[in-house]
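**Q** Have a peek at work_30.txt (compact mmCIF, C-alpha atoms and all ligand atoms).
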# COMPACT_ATOMS: atom_id res chain seq x y z
CA MET A 85 -41.11 -53.49 -78.78
CA GLY A 86 -39.12 -50.38 -77.98
CA ARG A 87 -40.15 -47.49 -80.17
CA ILE A 88 -39.43 -44.08 -78.66
CA GLU A 89 -40.78 -40.84 -80.03
CA LEU A 90 -39.67 -37.42 -78.86
CA ASP A 91 -42.02 -34.63 -79.81
CA GLN A 92 -40.76 -31.05 -79.54
CA LEU A 93 -38.94 -31.86 -76.30
CA THR A 94 -37.58 -28.82 -74.47
CA ARG A 95 -35.84 -28.41 -71.13
CA ARG A 96 -34.85 -25.12 -69.60
CA PHE A 97 -32.71 -24.51 -66.51
CA GLY A 98 -33.39 -20.88 -65.59
CA ALA A 99 -32.19 -18.84 -68.56
CA THR A 100 -30.38 -21.82 -70.17
CA THR A 101 -32.25 -23.87 -72.75
CA ALA A 102 -30.41 -27.20 -72.45
CA VAL A 103 -32.67 -29.03 -74.94
CA ASP A 104 -34.52 -27.02 -77.54
CA ARG A 105 -37.57 -28.47 -79.36
CA VAL A 106 -36.02 -31.84 -80.20
CA SER A 107 -38.20 -34.18 -82.25
CA LEU A 108 -36.79 -37.61 -82.92
CA HIS A 109 -38.21 -41.02 -83.88
CA ILE A 110 -36.27 -43.97 -82.51
CA GLU A 111 -37.37 -47.19 -84.16
CA ASP A 112 -37.56 -50.53 -82.38
CA GLY A 113 -34.10 -52.14 -82.51
CA ASP A 114 -32.30 -48.90 -83.40
CA PHE A 115 -28.96 -48.06 -81.81
CA VAL A 116 -29.16 -44.28 -81.67
CA ALA A 117 -26.12 -42.32 -80.56
CA LEU A 118 -26.86 -38.88 -79.13
CA LEU A 119 -23.62 -37.18 -80.15
CA GLY A 120 -22.30 -33.68 -79.63
CA PRO A 121 -19.81 -31.51 -77.79
CA SER A 122 -19.82 -31.00 -74.04
CA GLY A 123 -22.87 -29.07 -72.84
CA CYS A 124 -24.98 -29.63 -75.98
CA GLY A 125 -27.78 -31.28 -73.99
CA LYS A 126 -27.17 -35.02 -74.53
CA THR A 127 -27.45 -36.05 -70.88
CA THR A 128 -30.45 -33.78 -70.28
CA LEU A 129 -32.22 -35.40 -73.25
CA LEU A 130 -31.45 -38.92 -72.02
CA ARG A 131 -32.57 -38.10 -68.47
CA MET A 132 -35.89 -36.83 -69.83
CA ILE A 133 -36.39 -40.07 -71.79
CA ALA A 134 -35.60 -42.06 -68.63
CA GLY A 135 -38.08 -39.99 -66.63
CA LEU A 136 -35.42 -38.65 -64.26
CA LEU A 137 -36.04 -35.07 -65.36
CA PRO A 138 -39.40 -33.57 -66.37
CA PRO A 139 -39.41 -31.70 -69.69
CA SER A 140 -40.35 -28.02 -69.74
CA GLU A 141 -42.33 -28.68 -72.91
CA GLY A 142 -42.99 -31.51 -75.33
CA ARG A 143 -43.92 -35.18 -75.13
CA ILE A 144 -42.25 -38.58 -74.92
CA LEU A 145 -43.98 -41.63 -76.33
CA VAL A 146 -42.90 -45.23 -75.85
CA ASP A 147 -44.66 -47.68 -78.18
CA ASP A 148 -47.28 -45.01 -78.86
CA GLU A 149 -48.04 -44.50 -75.15
CA ASP A 150 -47.50 -40.99 -73.82
CA VAL A 151 -45.11 -41.51 -70.88
CA THR A 152 -44.24 -37.85 -70.30
CA GLU A 153 -45.86 -37.96 -66.85
CA VAL A 154 -45.06 -41.62 -66.09
CA PRO A 155 -42.46 -42.21 -63.34
CA PRO A 156 -39.13 -43.84 -64.34
CA ARG A 157 -39.91 -47.24 -62.77
CA ARG A 158 -43.03 -47.66 -64.88
CA ARG A 159 -41.45 -46.68 -68.21
CA ASP A 160 -39.82 -50.06 -68.65
CA LEU A 161 -36.58 -48.47 -69.86
CA ALA A 162 -33.22 -49.41 -68.32
CA MET A 163 -30.64 -46.74 -67.63
CA VAL A 164 -26.94 -47.73 -67.55
CA PHE A 165 -24.92 -45.08 -65.77
CA GLN A 166 -21.37 -43.88 -66.43
CA SER A 167 -20.40 -44.68 -62.85
CA TYR A 168 -21.98 -48.17 -63.11
CA ALA A 169 -23.75 -47.54 -59.76
CA LEU A 170 -23.14 -51.11 -58.54
CA TYR A 171 -23.80 -52.04 -54.90
CA PRO A 172 -20.30 -52.64 -53.45
CA HIS A 173 -21.44 -55.05 -50.72
CA LEU A 174 -23.39 -57.31 -53.09
CA THR A 175 -21.95 -60.07 -55.29
CA VAL A 176 -22.15 -59.87 -59.08
CA ALA A 177 -25.09 -62.31 -59.01
CA SER A 178 -26.97 -60.21 -56.43
CA ASN A 179 -26.21 -57.01 -58.30
CA ILE A 180 -27.61 -58.46 -61.51
CA GLY A 181 -30.63 -59.95 -59.75
CA PHE A 182 -31.37 -56.81 -57.74
CA PRO A 183 -34.07 -55.34 -60.04
CA LEU A 184 -35.97 -58.64 -59.90
CA ARG A 185 -35.73 -58.85 -56.10
CA VAL A 186 -37.20 -55.37 -55.87
CA ARG A 187 -40.04 -56.61 -58.06
CA ARG A 188 -40.50 -59.56 -55.64
CA ARG A 189 -39.88 -62.31 -58.20
CA SER A 190 -39.34 -65.83 -56.87
CA LYS A 191 -35.85 -67.02 -55.94
CA ALA A 192 -35.93 -69.69 -58.63
CA GLU A 193 -36.95 -67.22 -61.33
CA ILE A 194 -34.23 -64.78 -60.25
CA ALA A 195 -31.56 -67.51 -60.27
CA ASP A 196 -32.62 -68.66 -63.75
CA ARG A 197 -32.69 -65.20 -65.19
CA VAL A 198 -29.33 -64.21 -63.61
CA SER A 199 -27.59 -67.24 -65.06
CA GLU A 200 -29.15 -66.56 -68.48
CA VAL A 201 -27.90 -62.95 -68.44
CA ALA A 202 -24.49 -64.00 -67.07
CA GLU A 203 -24.11 -66.36 -69.99
CA GLN A 204 -25.06 -63.68 -72.52
CA LEU A 205 -22.46 -61.33 -71.06
CA GLU A 206 -19.85 -64.00 -70.28
CA LEU A 207 -19.96 -63.25 -66.58
CA GLY A 208 -20.59 -66.83 -65.43
CA ALA A 209 -17.21 -67.25 -63.74
CA LEU A 210 -17.51 -63.98 -61.81
CA LEU A 211 -20.92 -64.34 -60.19
CA ARG A 212 -19.59 -64.72 -56.63
CA ARG A 213 -17.21 -61.76 -56.77
CA ARG A 214 -17.87 -58.27 -55.46
CA PRO A 215 -17.51 -55.15 -57.63
CA LYS A 216 -14.13 -54.20 -56.13
CA GLU A 217 -12.73 -57.52 -57.35
CA LEU A 218 -13.61 -56.72 -60.97
CA SER A 219 -11.89 -54.78 -63.77
CA GLY A 220 -13.54 -51.67 -65.19
CA GLY A 221 -14.75 -53.60 -68.23
CA GLN A 222 -16.23 -56.37 -66.09
CA ARG A 223 -18.01 -53.84 -63.87
CA GLN A 224 -19.45 -52.27 -66.95
CA ARG A 225 -20.79 -55.65 -68.07
CA VAL A 226 -22.36 -56.24 -64.64
CA ALA A 227 -24.09 -52.85 -64.91
CA LEU A 228 -25.37 -53.91 -68.32
CA GLY A 229 -26.45 -57.25 -66.86
CA ARG A 230 -28.49 -55.50 -64.22
CA ALA A 231 -30.27 -53.59 -66.98
CA LEU A 232 -30.66 -56.67 -69.18
CA VAL A 233 -32.19 -58.86 -66.45
CA ARG A 234 -35.44 -56.91 -66.56
CA ASP A 235 -35.81 -57.36 -70.31
CA PRO A 236 -36.61 -53.68 -70.76
CA LYS A 237 -38.10 -52.04 -73.84
CA ALA A 238 -34.92 -50.03 -74.37
CA PHE A 239 -31.48 -49.42 -72.90
CA LEU A 240 -30.45 -45.87 -72.12
CA MET A 241 -26.70 -45.38 -71.70
CA ASP A 242 -24.78 -42.30 -70.68
CA GLU A 243 -21.13 -42.51 -71.77
CA PRO A 244 -20.83 -46.07 -70.42
CA LEU A 245 -17.28 -46.52 -71.72
CA SER A 246 -15.75 -43.28 -70.46
CA ASN A 247 -14.16 -44.88 -67.38
CA LEU A 248 -12.30 -47.51 -69.40
CA ASP A 249 -8.77 -47.19 -70.77
CA ALA A 250 -8.32 -46.79 -74.53
CA LYS A 251 -7.66 -50.45 -75.32
CA LEU A 252 -10.54 -51.77 -73.24
CA ARG A 253 -12.81 -49.12 -74.70
CA THR A 254 -12.11 -50.41 -78.20
CA ALA A 255 -12.79 -54.01 -77.14
CA THR A 256 -15.96 -53.09 -75.22
CA ARG A 257 -17.19 -51.05 -78.20
CA ALA A 258 -17.15 -54.16 -80.36
CA GLU A 259 -18.81 -56.17 -77.57
CA LEU A 260 -21.61 -53.64 -77.15
CA ALA A 261 -22.27 -53.53 -80.90
CA ALA A 262 -22.39 -57.35 -80.99
CA LEU A 263 -24.68 -57.40 -77.94
CA HIS A 264 -27.02 -54.96 -79.63
CA ARG A 265 -27.20 -57.15 -82.73
CA ARG A 266 -27.80 -60.24 -80.61
CA LEU A 267 -30.53 -58.72 -78.45
CA GLY A 268 -32.17 -56.69 -81.20
CA SER A 269 -33.28 -54.19 -78.51
CA THR A 270 -33.40 -50.43 -78.77
CA PHE A 271 -30.29 -48.64 -77.51
CA VAL A 272 -30.04 -44.91 -76.86
CA TYR A 273 -26.44 -44.03 -76.21
CA VAL A 274 -24.98 -40.69 -75.13
CA THR A 275 -21.44 -39.96 -76.20
CA HIS A 276 -19.18 -37.08 -77.17
CA ASP A 277 -16.88 -39.58 -78.91
CA GLN A 278 -17.50 -39.64 -82.64
CA VAL A 279 -15.65 -42.95 -83.06
CA GLU A 280 -18.05 -44.66 -80.63
CA ALA A 281 -21.01 -43.19 -82.47
CA MET A 282 -19.68 -44.04 -85.94
CA THR A 283 -18.73 -47.62 -85.07
CA MET A 284 -21.72 -48.72 -82.98
CA ALA A 285 -24.78 -46.70 -83.89
CA THR A 286 -27.31 -47.52 -86.56
CA ARG A 287 -28.25 -43.84 -86.50
CA ILE A 288 -26.54 -40.76 -85.12
CA ALA A 289 -28.46 -37.76 -83.73
CA LEU A 290 -26.09 -34.82 -83.66
CA LEU A 291 -26.87 -32.10 -81.14
CA ASN A 292 -25.55 -28.56 -81.08
CA ALA A 293 -26.49 -26.15 -78.30
CA GLY A 294 -29.66 -28.09 -77.47
CA ARG A 295 -30.85 -28.32 -81.09
CA LEU A 296 -30.87 -31.36 -83.32
CA GLU A 297 -28.50 -30.60 -86.23
CA GLN A 298 -28.89 -33.85 -88.17
CA VAL A 299 -30.13 -37.40 -87.80
CA GLY A 300 -28.85 -40.12 -90.10
CA THR A 301 -26.84 -43.29 -90.50
CA PRO A 302 -23.13 -42.89 -89.73
CA ALA A 303 -22.43 -42.85 -93.48
CA GLU A 304 -25.07 -40.17 -94.11
CA VAL A 305 -23.88 -37.76 -91.45
CA TYR A 306 -20.26 -38.26 -92.49
CA ASP A 307 -20.70 -38.13 -96.29
CA GLU A 308 -23.59 -35.68 -96.46
CA PRO A 309 -23.30 -33.37 -93.46
CA ALA A 310 -26.34 -31.12 -93.23
CA SER A 311 -24.37 -28.17 -91.88
CA VAL A 312 -20.95 -26.66 -91.26
CA PHE A 313 -21.33 -27.73 -87.62
CA VAL A 314 -21.74 -31.42 -88.51
CA ALA A 315 -18.94 -31.24 -91.11
CA GLY A 316 -16.61 -29.66 -88.59
CA PHE A 317 -17.51 -32.05 -85.77
CA LEU A 318 -17.03 -35.37 -87.56
CA GLY A 319 -13.73 -36.67 -88.90
CA SER A 320 -10.21 -36.64 -87.60
CA PRO A 321 -9.11 -34.08 -88.52
CA PRO A 322 -12.59 -32.80 -89.41
CA MET A 323 -13.65 -31.46 -92.79
CA ASN A 324 -11.56 -28.54 -94.07
CA LEU A 325 -13.75 -25.45 -94.22
CA LEU A 326 -12.73 -22.38 -96.21
CA PRO A 327 -14.47 -19.09 -96.94
CA ALA A 328 -15.29 -18.95 -100.65
CA HIS A 329 -17.45 -17.17 -103.19
CA VAL A 330 -19.59 -18.78 -105.84
CA ARG A 331 -20.91 -17.31 -109.04
CA THR A 332 -22.20 -18.59 -112.35
CA ASP A 333 -20.41 -17.62 -115.55
CA GLU A 334 -22.00 -18.75 -118.84
CA GLY A 335 -23.58 -21.78 -117.17
CA ARG A 336 -20.40 -22.79 -115.36
CA VAL A 337 -20.34 -22.53 -111.58
CA LEU A 338 -17.12 -20.90 -110.44
CA VAL A 339 -15.90 -21.09 -106.90
CA THR A 340 -13.20 -18.77 -105.69
CA ALA A 341 -11.39 -19.87 -102.54
CA ALA A 342 -8.09 -18.44 -101.34
CA GLY A 343 -7.59 -16.67 -104.66
CA VAL A 344 -8.05 -19.66 -106.95
CA ASP A 345 -10.93 -19.57 -109.39
CA VAL A 346 -12.21 -23.05 -110.17
CA PRO A 347 -15.00 -24.18 -112.48
CA LEU A 348 -16.80 -26.81 -110.47
CA TRP A 349 -19.84 -27.97 -112.35
CA THR A 350 -22.47 -26.69 -114.68
CA GLY A 351 -25.80 -25.36 -113.51
CA GLU A 352 -27.32 -22.26 -112.03
CA THR A 353 -26.22 -21.15 -108.59
CA PRO A 354 -27.02 -17.69 -107.29
CA GLU A 355 -23.94 -15.59 -106.64
CA GLN A 356 -23.18 -15.78 -102.93
CA ASP A 357 -20.59 -16.20 -100.22
CA VAL A 358 -20.19 -19.82 -99.21
CA THR A 359 -18.08 -22.10 -97.05
CA LEU A 360 -16.19 -24.63 -99.10
CA GLY A 361 -15.82 -28.02 -97.41
CA ILE A 362 -13.52 -30.92 -98.35
CA ARG A 363 -12.51 -33.84 -96.16
CA PRO A 364 -8.73 -34.26 -95.60
CA GLU A 365 -8.80 -37.74 -97.17
CA HIS A 366 -10.42 -36.40 -100.34
CA LEU A 367 -7.67 -33.90 -101.10
CA THR A 368 -4.69 -34.96 -103.15
CA PHE A 369 -1.58 -33.16 -104.27
CA ALA A 370 -1.67 -32.07 -107.89
CA PRO A 371 1.11 -30.92 -110.23
CA LEU A 372 1.81 -27.23 -109.84
CA THR A 373 1.79 -26.77 -113.58
CA GLU A 374 -1.71 -26.55 -114.91
CA GLU A 375 -2.66 -29.57 -116.97
CA PRO A 376 -5.98 -29.79 -118.76
CA GLY A 377 -8.52 -31.61 -116.60
CA ALA A 378 -6.34 -31.48 -113.49
CA ARG A 379 -6.86 -27.93 -112.41
CA PRO A 380 -5.84 -27.41 -108.82
CA LEU A 381 -8.54 -26.37 -106.42
CA LEU A 382 -6.27 -24.75 -103.86
CA ARG A 383 -2.65 -23.68 -103.53
CA GLY A 384 -0.65 -23.50 -100.33
CA THR A 385 2.49 -24.29 -98.41
CA VAL A 386 3.09 -27.41 -96.32
CA CYS A 387 3.57 -26.33 -92.68
CA THR A 388 3.86 -29.61 -90.78
CA ILE A 389 3.50 -33.30 -91.45
CA GLU A 390 2.12 -35.67 -88.82
CA ASN A 391 3.09 -39.32 -89.04
CA LEU A 392 0.28 -41.64 -87.89
CA GLY A 393 2.09 -44.85 -88.80
CA SER A 394 0.12 -46.11 -91.76
CA GLU A 395 -0.99 -42.64 -92.81
CA GLU A 396 0.27 -39.08 -92.82
CA ILE A 397 -1.48 -35.76 -92.39
CA ALA A 398 0.02 -32.70 -94.06
CA PHE A 399 -1.18 -29.37 -92.65
CA CYS A 400 -0.93 -26.72 -95.35
CA ALA A 401 -1.37 -22.95 -95.13
CA VAL A 402 -3.94 -21.95 -97.76
CA GLY A 403 -4.65 -18.23 -97.56
CA ASP A 404 -5.56 -17.60 -93.93
CA THR A 405 -6.73 -21.18 -93.35
CA THR A 406 -4.89 -24.36 -92.42
CA VAL A 407 -5.95 -27.21 -94.64
CA ALA A 408 -5.32 -30.86 -93.70
CA VAL A 409 -4.53 -33.49 -96.31
CA ARG A 410 -4.67 -37.10 -95.17
CA GLY A 411 -3.41 -40.12 -97.07
CA ALA A 412 -1.27 -43.24 -97.12
CA ARG A 413 2.28 -42.70 -95.94
CA PRO A 414 4.41 -41.26 -97.48
CA LEU A 415 2.37 -38.41 -98.93
CA GLY A 416 5.42 -37.39 -100.97
CA VAL A 417 5.68 -33.75 -99.88
CA VAL A 418 8.07 -32.01 -97.50
CA GLU A 419 7.61 -29.18 -95.03
CA GLY A 420 8.01 -25.77 -96.66
CA GLU A 421 7.02 -27.05 -100.10
CA THR A 422 4.57 -25.09 -102.25
CA VAL A 423 1.75 -27.40 -103.28
CA ALA A 424 -1.42 -27.52 -105.33
CA LEU A 425 -4.40 -29.45 -104.03
CA THR A 426 -7.24 -31.02 -105.91
CA ALA A 427 -10.33 -33.11 -105.16
CA ARG A 428 -12.98 -34.90 -107.16
CA GLN A 429 -15.89 -32.62 -107.81
CA GLU A 430 -18.42 -34.82 -105.99
CA ARG A 431 -16.28 -34.60 -102.85
CA VAL A 432 -16.55 -30.82 -102.70
CA HIS A 433 -19.31 -29.44 -100.47
CA LEU A 434 -20.67 -25.92 -100.37
CA PHE A 435 -22.41 -24.50 -97.31
CA ASP A 436 -24.41 -21.29 -97.03
CA ALA A 437 -22.05 -18.73 -95.46
CA GLY A 438 -24.85 -17.30 -93.31
CA SER A 439 -26.95 -20.23 -92.08
CA GLY A 440 -24.22 -22.89 -92.36
CA ARG A 441 -26.67 -25.28 -94.07
CA ARG A 442 -25.33 -27.40 -96.91
CA LEU A 443 -26.11 -26.24 -100.45
CA VAL A 444 -24.23 -28.93 -102.41
P1 LIG A 501 -21.39 -33.36 -71.23
O1 LIG A 501 -20.94 -34.13 -72.44
O2 LIG A 501 -20.40 -32.37 -70.77
O3 LIG A 501 -21.95 -34.24 -70.16
P2 LIG A 501 -24.07 -32.77 -72.22
O4 LIG A 501 -24.16 -32.63 -73.69
O5 LIG A 501 -24.53 -34.05 -71.64
O6 LIG A 501 -22.61 -32.42 -71.73
P3 LIG A 501 -25.96 -31.54 -70.45
O7 LIG A 501 -25.36 -32.11 -69.22
O8 LIG A 501 -27.22 -32.10 -70.92
O9 LIG A 501 -24.90 -31.56 -71.62
O10 LIG A 501 -26.11 -29.95 -70.21
C1 LIG A 501 -26.71 -29.11 -71.19
C2 LIG A 501 -26.73 -27.68 -70.65
O11 LIG A 501 -27.63 -27.60 -69.55
C3 LIG A 501 -25.41 -27.18 -70.13
O12 LIG A 501 -25.29 -25.82 -70.46
C4 LIG A 501 -25.50 -27.38 -68.64
O13 LIG A 501 -24.70 -26.46 -67.96
C5 LIG A 501 -26.98 -27.14 -68.39
N1 LIG A 501 -27.48 -27.92 -67.24
C6 LIG A 501 -27.54 -29.28 -67.16
N2 LIG A 501 -28.08 -29.67 -65.98
C7 LIG A 501 -28.34 -28.53 -65.28
C8 LIG A 501 -28.92 -28.26 -64.00
N3 LIG A 501 -29.32 -29.23 -63.19
N4 LIG A 501 -29.02 -26.96 -63.62
C9 LIG A 501 -28.63 -25.97 -64.44
N5 LIG A 501 -28.09 -26.16 -65.67
C10 LIG A 501 -27.95 -27.41 -66.09
I'd like the structure from this file rewritten - as structure tokens, please.

**A**
Amino acid sequence: MGRIELDQLTRRFGATTAVDRVSLHIEDGDFVALLGPSGCGKTTLLRMIAGLLPPSEGRILVDDEDVTEVPPRRRDLAMVFQSYALYPHLTVASNIGFPLRVRRRSKAEIADRVSEVAEQLELGALLRRRPKELSGGQRQRVALGRALVRDPKAFLMDEPLSNLDAKLRTATRAELAALHRRLGSTFVYVTHDQVEAMTMATRIALLNAGRLEQVGTPAEVYDEPASVFVAGFLGSPPMNLLPAHVRTDEGRVLVTAAGVDVPLWTGETPEQDVTLGIRPEHLTFAPLTEEPGARPLLRGTVCTIENLGSEEIAFCAVGDTTVAVRGARPLGVVEGETVALTARQERVHLFDAGSGRRLV
């Protein structure tokens, strides 16, 4: 089992609150990505779970046992570091077997377990090499092997792929996700890379300035962002966010953004300032002439077009905001063109202008 529960966890460094009252349930077998921008508290949170840093307040429970005061060695959690932290003078086999030697297991048991782990990670042919004779990806697998050999309750990883080049990172991403499925163990994974989080995690915990903004499956946080922060963090480019005003007129909700007044849906919404959010891939170009049922949501001018190969992104000036439109290439517009943009109603999000929380 590897169930981890964080209860109102807080860590201060002098006047800085690095982690601020974070409560999070990590189920056995979950792959949770702690995601957020630099300095949001991801590493601090992971180090507290590992027992490398005492919390200022709050509790950590592993399988219902309060481990807040328990030293790292006795938590039965394995930390995989960014730098791999391999012993340069030891072979791959000795590096992997090291945690068992420290625990004074028999030579035979260590040999058995090392070969089992080497097979799982396809390291069998490399067991006699030393770390300097390995590629970055292989070193990373050895570091994982050293964690795996102890059969821990959970794996804690801090940006384990950040030292790999782009191609190897993509390959290792798939390997890690497959390994997680095979082992069925709990993974807690720190990253600032949304693609890593989206592709590997079963759940994403998004942090902003030490606070938990949202926890959900990759699809939930992407499709139903809880706040402007989440909407603006995920996606490439991220969700377009525009200042807008909403009011109800005879049962129809009208949203005014960049001068265009659009009936969105029926229902009561209190008149208020909002932030209108639409993902670049949900915007399409509409005819400039107004046709019934195809009313444009926004109007603007195409500034630049980026060619991504299979897709294009058109950046359009809409009022004071730049709005990105992403779609299959060619999008069919040219730079300098005046365009109208539309989106399906269910793809349009509204956020409270003050708190940033999602209304619709
Ligand atoms: P990155 O992605 O850049 O590693 P992070 O999200 O992991 O960032 P943390 O390293 O957890 O962020 O840092 C969170 C905040 O706490 C930052 O403002 C950082 O400067 C501060 N902090 C972290 N460790 C210490 C420390 N030992 N002493 C003082 N401040 C610290």

**Q** Residues up to 6 Å from ligand LIG 501 (chain A), counting only C-alpha atoms and all ligand atoms: could you list those as a PDB file with C-alpha atoms, keeping the file's coordinate frame?

**A**
ATOM      1  CA  PHE A  97     -32.710 -24.510 -66.510  1.00  0.00           C
ATOM      2  CA  ALA A 102     -30.410 -27.200 -72.450  1.00  0.00           C
ATOM      3  CA  SER A 122     -19.820 -31.000 -74.040  1.00  0.00           C
ATOM      4  CA  GLY A 123     -22.870 -29.070 -72.840  1.00  0.00           C
ATOM      5  CA  CYS A 124     -24.980 -29.630 -75.980  1.00  0.00           C
ATOM      6  CA  GLY A 125     -27.780 -31.280 -73.990  1.00  0.00           C
ATOM      7  CA  LYS A 126     -27.170 -35.020 -74.530  1.00  0.00           C
ATOM      8  CA  THR A 127     -27.450 -36.050 -70.880  1.00  0.00           C
ATOM      9  CA  THR A 128     -30.450 -33.780 -70.280  1.00  0.00           C
ATOM     10  CA  HIS A 276     -19.180 -37.080 -77.170  1.00  0.00           C
TER      11      HIS A 276
END

**Q** Would you pick out the contacts of Gly438 (chain A) at 10 Å or less, using only C-alpha atoms, so that residues sharing its chain but fewer than 4 positions from it are not included, and give the list as an NGL selection string?

**A** :A and (356-359)

**Q** Return the single residue from A:Ala310, A:Val305, A:Val176, A:Leu415 that is closest to Phe435 (chain A), with distances computed using all atoms listed in the file.

**A**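 Among the listed residues, the smallest separation from Phe435 (chain A) belongs to A:Ala310.
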
**Q** Counting all atoms listed in the file, figure out which residue out of A:Thr385, A:Thr340, A:Thr406, A:Thr101 gets nearest to Pro139 (chain A).

**A**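 When distances to Pro139 (chain A) are compared using all atoms listed in the file, the smallest one comes from A:Thr101.
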
**Q** CA of Ser311 (chain A) and CA of Gly403 (chain A), how far apart in Å?

**A**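 Computed distance, CA of Gly403 (chain A) to CA of Ser311 (chain A), equals 22.8 Å.
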
**Q** Point out the residue among A:Leu252, A:Leu425, A:Leu118, A:Val198 with the least atom-to-atom distance to Ser219 (chain A), counting only C-alpha atoms.

**A**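 Looking only at the distances to Ser219 (chain A), the closest residue turns out to be A:Leu252.
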
**Q** With all atoms listed in the file as the atoms that count, which of A:Ala370, A:Val312, A:Cys387, A:Val186 lies nearest to Leu443 (chain A)?

**A**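 Looking only at the distances to Leu443 (chain A), the closest residue turns out to be A:Val312.
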